[in-house]
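So this one's data_25.pdb, PDB, C-alpha atoms, pLDDT in the B column:
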```pdb
MODEL        1
ATOM      1  CA  ARG A   1     113.426  52.803 164.771  1.00 63.00           C
ATOM      2  CA  MET A   2     109.745  53.524 164.627  1.00 69.00           C
ATOM      3  CA  LEU A   3     107.339  50.917 163.322  1.00 70.00           C
ATOM      4  CA  GLN A   4     105.753  51.853 160.014  1.00 74.00           C
ATOM      5  CA  LYS A   5     102.316  51.301 161.503  1.00 78.00           C
ATOM      6  CA  GLU A   6     100.905  50.954 164.981  1.00 79.00           C
ATOM      7  CA  ILE A   7     100.366  47.410 166.233  1.00 80.00           C
ATOM      8  CA  THR A   8      98.197  46.039 169.007  1.00 84.00           C
ATOM      9  CA  VAL A   9      99.823  43.687 171.497  1.00 83.00           C
ATOM     10  CA  LEU A  10      97.336  41.318 173.103  1.00 84.00           C
ATOM     11  CA  PRO A  11      97.611  39.060 176.169  1.00 82.00           C
ATOM     12  CA  GLY A  12      99.729  36.052 175.234  1.00 79.00           C
ATOM     13  CA  ASP A  13     101.602  37.910 172.470  1.00 83.00           C
ATOM     14  CA  VAL A  14     105.386  37.906 172.616  1.00 81.00           C
ATOM     15  CA  LEU A  15     107.713  40.628 171.348  1.00 80.00           C
ATOM     16  CA  ILE A  16     111.123  39.413 170.222  1.00 79.00           C
ATOM     17  CA  THR A  17     113.957  41.849 169.590  1.00 77.00           C
ATOM     18  CA  SER A  18     117.510  41.091 168.572  1.00 75.00           C
ATOM     19  CA  CYS A  19     120.848  42.705 167.886  1.00 77.00           C
ATOM     20  CA  THR A  20     123.475  41.784 165.313  1.00 77.00           C
ATOM     21  CA  TYR A  21     127.177  42.185 166.005  1.00 76.00           C
ATOM     22  CA  ASN A  22     130.176  41.793 163.755  1.00 79.00           C
ATOM     23  CA  THR A  23     132.931  40.394 165.953  1.00 79.00           C
ATOM     24  CA  GLU A  24     134.961  38.736 163.207  1.00 80.00           C
ATOM     25  CA  GLY A  25     137.992  40.856 164.115  1.00 82.00           C
ATOM     26  CA  ARG A  26     138.109  39.545 167.680  1.00 80.00           C
ATOM     27  CA  SER A  27     140.162  36.604 168.821  1.00 79.00           C
ATOM     28  CA  TYR A  28     137.960  35.924 171.841  1.00 78.00           C
ATOM     29  CA  ALA A  29     134.263  35.273 172.436  1.00 80.00           C
ATOM     30  CA  THR A  30     131.939  38.234 172.894  1.00 79.00           C
ATOM     31  CA  VAL A  31     129.483  37.591 175.713  1.00 80.00           C
ATOM     32  CA  GLY A  32     126.842  39.655 177.459  1.00 75.00           C
ATOM     33  CA  GLY A  33     127.873  42.108 180.115  1.00 71.00           C
ATOM     34  CA  LEU A  34     128.251  45.761 181.023  1.00 66.00           C
ATOM     35  CA  GLY A  35     131.819  46.286 179.785  1.00 73.00           C
ATOM     36  CA  ILE A  36     132.648  48.221 176.638  1.00 74.00           C
ATOM     37  CA  LYS A  37     133.763  45.024 174.850  1.00 72.00           C
ATOM     38  CA  ASP A  38     130.742  43.017 176.029  1.00 75.00           C
ATOM     39  CA  GLU A  39     127.543  42.497 174.108  1.00 75.00           C
ATOM     40  CA  MET A  40     124.877  44.922 175.248  1.00 74.00           C
ATOM     41  CA  CYS A  41     121.696  44.309 173.322  1.00 77.00           C
ATOM     42  CA  VAL A  42     119.339  46.872 174.834  1.00 78.00           C
ATOM     43  CA  ASN A  43     115.952  47.570 173.311  1.00 79.00           C
ATOM     44  CA  TYR A  44     113.431  50.125 174.495  1.00 79.00           C
ATOM     45  CA  LEU A  45     109.750  49.740 173.765  1.00 77.00           C
ATOM     46  CA  HIS A  46     107.287  52.542 174.278  1.00 76.00           C
ATOM     47  CA  TYR A  47     103.709  51.503 174.865  1.00 75.00           C
ATOM     48  CA  TYR A  48     100.365  52.663 176.135  1.00 75.00           C
ATOM     49  CA  PRO A  49      98.250  52.493 178.178  1.00 78.00           C
ATOM     50  CA  GLN A  50     100.640  52.773 181.090  1.00 79.00           C
ATOM     51  CA  THR A  51     101.363  49.652 183.123  1.00 81.00           C
ATOM     52  CA  HIS A  52     103.650  49.118 186.070  1.00 83.00           C
ATOM     53  CA  LEU A  53     106.038  46.917 184.081  1.00 83.00           C
ATOM     54  CA  GLU A  54     109.497  48.446 184.182  1.00 85.00           C
ATOM     55  CA  LEU A  55     112.026  45.894 182.929  1.00 85.00           C
ATOM     56  CA  CYS A  56     112.181  42.417 181.414  1.00 84.00           C
ATOM     57  CA  LYS A  57     115.287  40.486 180.497  1.00 83.00           C
ATOM     58  CA  SER A  58     115.839  36.935 179.385  1.00 84.00           C
ATOM     59  CA  THR A  59     118.723  34.527 179.012  1.00 84.00           C
ATOM     60  CA  MET A  60     119.278  30.934 178.060  1.00 85.00           C
ATOM     61  CA  ASP A  61     118.937  28.687 181.061  1.00 83.00           C
ATOM     62  CA  LEU A  62     122.474  28.267 182.464  1.00 85.00           C
ATOM     63  CA  GLY A  63     122.077  24.515 182.963  1.00 88.00           C
ATOM     64  CA  TYR A  64     121.656  24.018 179.209  1.00 91.00           C
ATOM     65  CA  LEU A  65     124.704  26.170 178.489  1.00 89.00           C
ATOM     66  CA  GLN A  66     126.760  24.049 180.903  1.00 89.00           C
ATOM     67  CA  LYS A  67     125.636  20.933 178.990  1.00 90.00           C
ATOM     68  CA  TYR A  68     126.923  22.583 175.801  1.00 91.00           C
ATOM     69  CA  PHE A  69     130.355  23.188 177.357  1.00 90.00           C
ATOM     70  CA  ALA A  70     130.449  19.592 178.646  1.00 88.00           C
ATOM     71  CA  PHE A  71     129.644  18.261 175.143  1.00 90.00           C
ATOM     72  CA  ILE A  72     132.235  20.481 173.466  1.00 89.00           C
ATOM     73  CA  ASN A  73     134.755  19.372 176.098  1.00 87.00           C
ATOM     74  CA  THR A  74     134.325  15.739 174.986  1.00 87.00           C
ATOM     75  CA  VAL A  75     134.956  16.728 171.342  1.00 85.00           C
ATOM     76  CA  ASP A  76     137.712  19.228 172.150  1.00 79.00           C
ATOM     77  CA  ASP A  77     140.173  16.901 173.933  1.00 79.00           C
ATOM     78  CA  GLY A  78     139.104  18.064 177.389  1.00 76.00           C
ATOM     79  CA  SER A  79     140.514  21.574 176.970  1.00 73.00           C
ATOM     80  CA  VAL A  80     137.307  23.402 177.943  1.00 72.00           C
ATOM     81  CA  CYS A  81     136.830  23.895 181.669  1.00 73.00           C
ATOM     82  CA  THR A  82     133.294  22.807 182.446  1.00 70.00           C
ATOM     83  CA  CYS A  83     133.339  23.678 186.138  1.00 75.00           C
ATOM     84  CA  PRO A  84     130.158  25.615 187.016  1.00 72.00           C
ATOM     85  CA  GLN A  85     132.166  27.964 189.268  1.00 80.00           C
ATOM     86  CA  VAL A  86     134.283  29.121 186.291  1.00 83.00           C
ATOM     87  CA  PRO A  87     132.813  32.247 184.639  1.00 84.00           C
ATOM     88  CA  VAL A  88     130.884  31.611 181.417  1.00 84.00           C
ATOM     89  CA  THR A  89     133.159  34.101 179.630  1.00 83.00           C
ATOM     90  CA  GLN A  90     136.205  31.936 180.406  1.00 86.00           C
ATOM     91  CA  GLN A  91     134.396  28.796 179.232  1.00 87.00           C
ATOM     92  CA  TYR A  92     133.461  30.486 175.939  1.00 87.00           C
ATOM     93  CA  ASN A  93     137.052  31.633 175.456  1.00 86.00           C
ATOM     94  CA  GLU A  94     138.348  28.073 175.874  1.00 86.00           C
ATOM     95  CA  VAL A  95     136.135  26.683 173.077  1.00 88.00           C
ATOM     96  CA  THR A  96     137.848  25.929 169.767  1.00 86.00           C
ATOM     97  CA  TRP A  97     135.468  27.721 167.412  1.00 86.00           C
ATOM     98  CA  ASP A  98     134.957  25.584 164.366  1.00 89.00           C
ATOM     99  CA  PRO A  99     131.872  24.723 162.273  1.00 92.00           C
ATOM    100  CA  LEU A 100     130.750  22.026 164.736  1.00 93.00           C
ATOM    101  CA  SER A 101     131.004  24.162 167.898  1.00 92.00           C
ATOM    102  CA  ARG A 102     129.193  27.039 166.126  1.00 90.00           C
ATOM    103  CA  ARG A 103     126.429  24.798 164.743  1.00 94.00           C
ATOM    104  CA  VAL A 104     125.797  23.114 168.085  1.00 95.00           C
ATOM    105  CA  LEU A 105     125.693  26.455 169.921  1.00 93.00           C
ATOM    106  CA  LYS A 106     123.263  27.909 167.357  1.00 93.00           C
ATOM    107  CA  ALA A 107     121.049  24.827 167.672  1.00 95.00           C
ATOM    108  CA  LEU A 108     121.107  25.257 171.445  1.00 94.00           C
ATOM    109  CA  TYR A 109     120.140  28.938 171.242  1.00 90.00           C
ATOM    110  CA  ASP A 110     117.361  28.017 168.809  1.00 90.00           C
ATOM    111  CA  SER A 111     115.852  25.418 171.134  1.00 91.00           C
ATOM    112  CA  ALA A 112     116.892  25.757 174.800  1.00 92.00           C
ATOM    113  CA  PRO A 113     114.410  27.184 177.282  1.00 92.00           C
ATOM    114  CA  ILE A 114     114.936  30.689 178.569  1.00 89.00           C
ATOM    115  CA  SER A 115     114.709  32.162 182.029  1.00 88.00           C
ATOM    116  CA  MET A 116     113.193  35.609 182.345  1.00 86.00           C
ATOM    117  CA  HIS A 117     113.245  38.276 185.001  1.00 86.00           C
ATOM    118  CA  CYS A 118     110.663  41.079 184.992  1.00 88.00           C
ATOM    119  CA  THR A 119     110.222  43.841 187.560  1.00 91.00           C
ATOM    120  CA  ASN A 120     107.570  46.454 188.106  1.00 90.00           C
ATOM    121  CA  SER A 121     108.238  50.170 188.449  1.00 86.00           C
ATOM    122  CA  SER A 122     109.041  49.806 192.161  1.00 88.00           C
ATOM    123  CA  GLY A 123     111.713  47.168 191.438  1.00 88.00           C
ATOM    124  CA  VAL A 124     109.693  44.214 192.742  1.00 92.00           C
ATOM    125  CA  SER A 125     109.755  41.020 190.683  1.00 91.00           C
ATOM    126  CA  VAL A 126     106.607  40.323 188.679  1.00 89.00           C
ATOM    127  CA  PRO A 127     105.056  37.154 190.149  1.00 89.00           C
ATOM    128  CA  GLY A 128     104.954  34.027 188.021  1.00 86.00           C
ATOM    129  CA  ASN A 129     106.968  31.059 186.836  1.00 86.00           C
ATOM    130  CA  TRP A 130     109.667  32.603 184.638  1.00 86.00           C
ATOM    131  CA  ASP A 131     112.297  29.847 184.701  1.00 88.00           C
ATOM    132  CA  LYS A 132     112.888  27.346 181.883  1.00 89.00           C
ATOM    133  CA  GLN A 133     110.169  28.747 179.658  1.00 88.00           C
ATOM    134  CA  PRO A 134     109.916  27.383 176.116  1.00 88.00           C
ATOM    135  CA  LEU A 135     111.049  29.678 173.335  1.00 86.00           C
ATOM    136  CA  PRO A 136     108.139  31.596 171.846  1.00 84.00           C
ATOM    137  CA  ARG A 137     107.015  30.667 168.346  1.00 81.00           C
ATOM    138  CA  VAL A 138     107.090  33.374 165.730  1.00 81.00           C
ATOM    139  CA  SER A 139     103.769  33.527 163.906  1.00 80.00           C
ATOM    140  CA  ARG A 140     104.139  36.938 162.288  1.00 77.00           C
ATOM    141  CA  VAL A 141     107.226  38.972 161.449  1.00 76.00           C
ATOM    142  CA  LEU A 142     107.167  42.747 161.150  1.00 71.00           C
ATOM    143  CA  ARG A 143     108.992  44.074 158.121  1.00 69.00           C
ATOM    144  CA  GLY A 144     112.110  46.164 158.517  1.00 64.00           C
ATOM    145  CA  THR A 145     112.333  49.918 158.337  1.00 60.00           C
ATOM    146  CA  PRO A 146     115.144  52.098 157.000  1.00 61.00           C
ATOM    147  CA  ASP A 147     118.022  52.554 159.416  1.00 61.00           C
ATOM    148  CA  ARG A 148     118.441  56.299 159.783  1.00 59.00           C
ATOM    149  CA  CYS A 149     121.985  55.904 161.081  1.00 58.00           C
ATOM    150  CA  GLY A 150     123.515  53.651 158.422  1.00 56.00           C
ATOM    151  CA  GLY A 151     121.046  53.990 155.574  1.00 45.00           C
ATOM    152  CA  ALA A 152     120.639  50.200 155.260  1.00 47.00           C
ATOM    153  CA  ASN A 153     117.236  48.563 155.178  1.00 44.00           C
ATOM    154  CA  ARG A 154     117.208  45.920 157.880  1.00 47.00           C
ATOM    155  CA  THR A 155     114.633  43.244 158.431  1.00 45.00           C
ATOM    156  CA  GLU A 156     113.471  41.709 161.641  1.00 44.00           C
ATOM    157  CA  PRO A 157     114.780  38.261 162.699  1.00 45.00           C
ATOM    158  CA  GLY A 158     113.239  35.492 160.636  1.00 44.00           C
ATOM    159  CA  ALA A 159     112.142  37.819 157.841  1.00 43.00           C
ATOM    160  CA  PRO A 160     113.277  37.034 154.319  1.00 41.00           C
ATOM    161  CA  ALA A 161     116.147  39.263 153.212  1.00 38.00           C
TER     162      ALA A 161
ENDMDL
END
```

structure tokens encoding of this file:
Amino acid sequence: RMLQKEITVLPGDVLITSCTYNTEGRSYATVGGLGIKDEMCVNYLHYYPQTHLELCKSTMDLGYLQKYFAFINTVDDGSVCTCPQVPVTQQYNEVTWDPLSRRVLKALYDSAPISMHCTNSSGVSVPGNWDKQPLPRVSRVLRGTPDRCGGANRTEPGAPA
């Protein structure tokens, strides 16, 4: 969707995008990946003037996620495998999803540091310290625009409905 008005992005500014999925009909956890049943939250931003930045992606630091599984394992009678060599998808699928496990995971996603990976147009990593970065603070939220596909008016994350 196009922004209603042009914005200027300055050094130090952070752009946050998100996707919303309805997976209530599934009996297993939906995690990120490239499969048709995986979460693929892909956002494209067009900008000028041209820079050599090609791709940026971020994820919660895996060490914090492993701490979540270890905590849930203590509450869940030891049924969650917390072995780091076990795929994250399997660990998610072993969680008993109840209000506590959901609340703790949301709190983790709202506070845990993220690790980012950015590459330039030749595929070389952008230099810098990109691991365990604090979550950016939202100081201004852009209002939603009409969704041309579904006709619903959606707002950006953090915006009042």

Pick from A:Leu45, A:Tyr68, A:Leu3, A:Asp38, whichever lies nearest to A:Thr23 using only C-alpha atoms:
A:Asp38

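Taking only C-alpha atoms into account, A:Leu15 lies nearest to A:Tyr44 out of the set A:Glu94, A:Val104, A:Thr89, A:Tyr44.
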
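Going from atom CA of A:Leu65 over to atom CA of A:Ser139, you cover 26.6 Å.
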
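If you look at atom CA of A:Lys132 and atom CA of A:Ile114, they are 5.1 Å away from each other.
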
Can you tell me how far atom CA of A:Cys19 sits from atom CA of A:Gly32, in Å to one decimal?
11.7 Å

Shortest interatomic distance to A:Gln66 - which of A:Glu24, A:Thr82, A:Arg137, A:Ser111, counting all atoms listed in the file:
A:Thr82

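The residue that comes closest to A:Trp130, out of A:Ile7, A:Val88, A:Cys56, A:Val42 and on the basis of all atoms listed in the file, is A:Cys56.
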
List the spatial neighbours of A:Pro113 as number ranges by chain - criterion: any atom at most 8 Å away, all atoms listed in the file, same-chain residues fewer than 5 positions off excluded.
A: 60-61, 132-135

Given the point (114.7, 39.3, 183.0) in the file's coordinates, find the residues that have an atom at most 9 Å from it, counting only C-alpha atoms, and give them as JSON, numbers by chain.
{"A": [55, 56, 57, 58, 59, 115, 116, 117, 118, 119, 130]}

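Nearest to A:Thr30 of all the residues A:Gln4, A:Gln91, A:Cys81, A:Tyr48 is A:Gln91, counting only C-alpha atoms.
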
Name the residues within 6 Å of (107.8, 50.5, 186.3), counting all atoms listed in the file in the file's coordinates, and put them as a PyMOL selection string.
chain A and resi 52-54+120-121

Selection from above, C-alpha atoms, as a PDB file, in the coordinates of the input, can you write it?
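To be explicit, this is the file written out as result_0.pdb:
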```
ATOM      1  CA  HIS A  52     103.650  49.118 186.070  1.00 83.00           C
ATOM      2  CA  LEU A  53     106.038  46.917 184.081  1.00 83.00           C
ATOM      3  CA  GLU A  54     109.497  48.446 184.182  1.00 85.00           C
ATOM      4  CA  ASN A 120     107.570  46.454 188.106  1.00 90.00           C
ATOM      5  CA  SER A 121     108.238  50.170 188.449  1.00 86.00           C
TER       6      SER A 121
END
```

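Candidate residues A:Asn43, A:Ser122, A:Thr96, A:Gln90 were compared for distance to A:Gly78, and the nearest is A:Thr96, using all atoms listed in the file.
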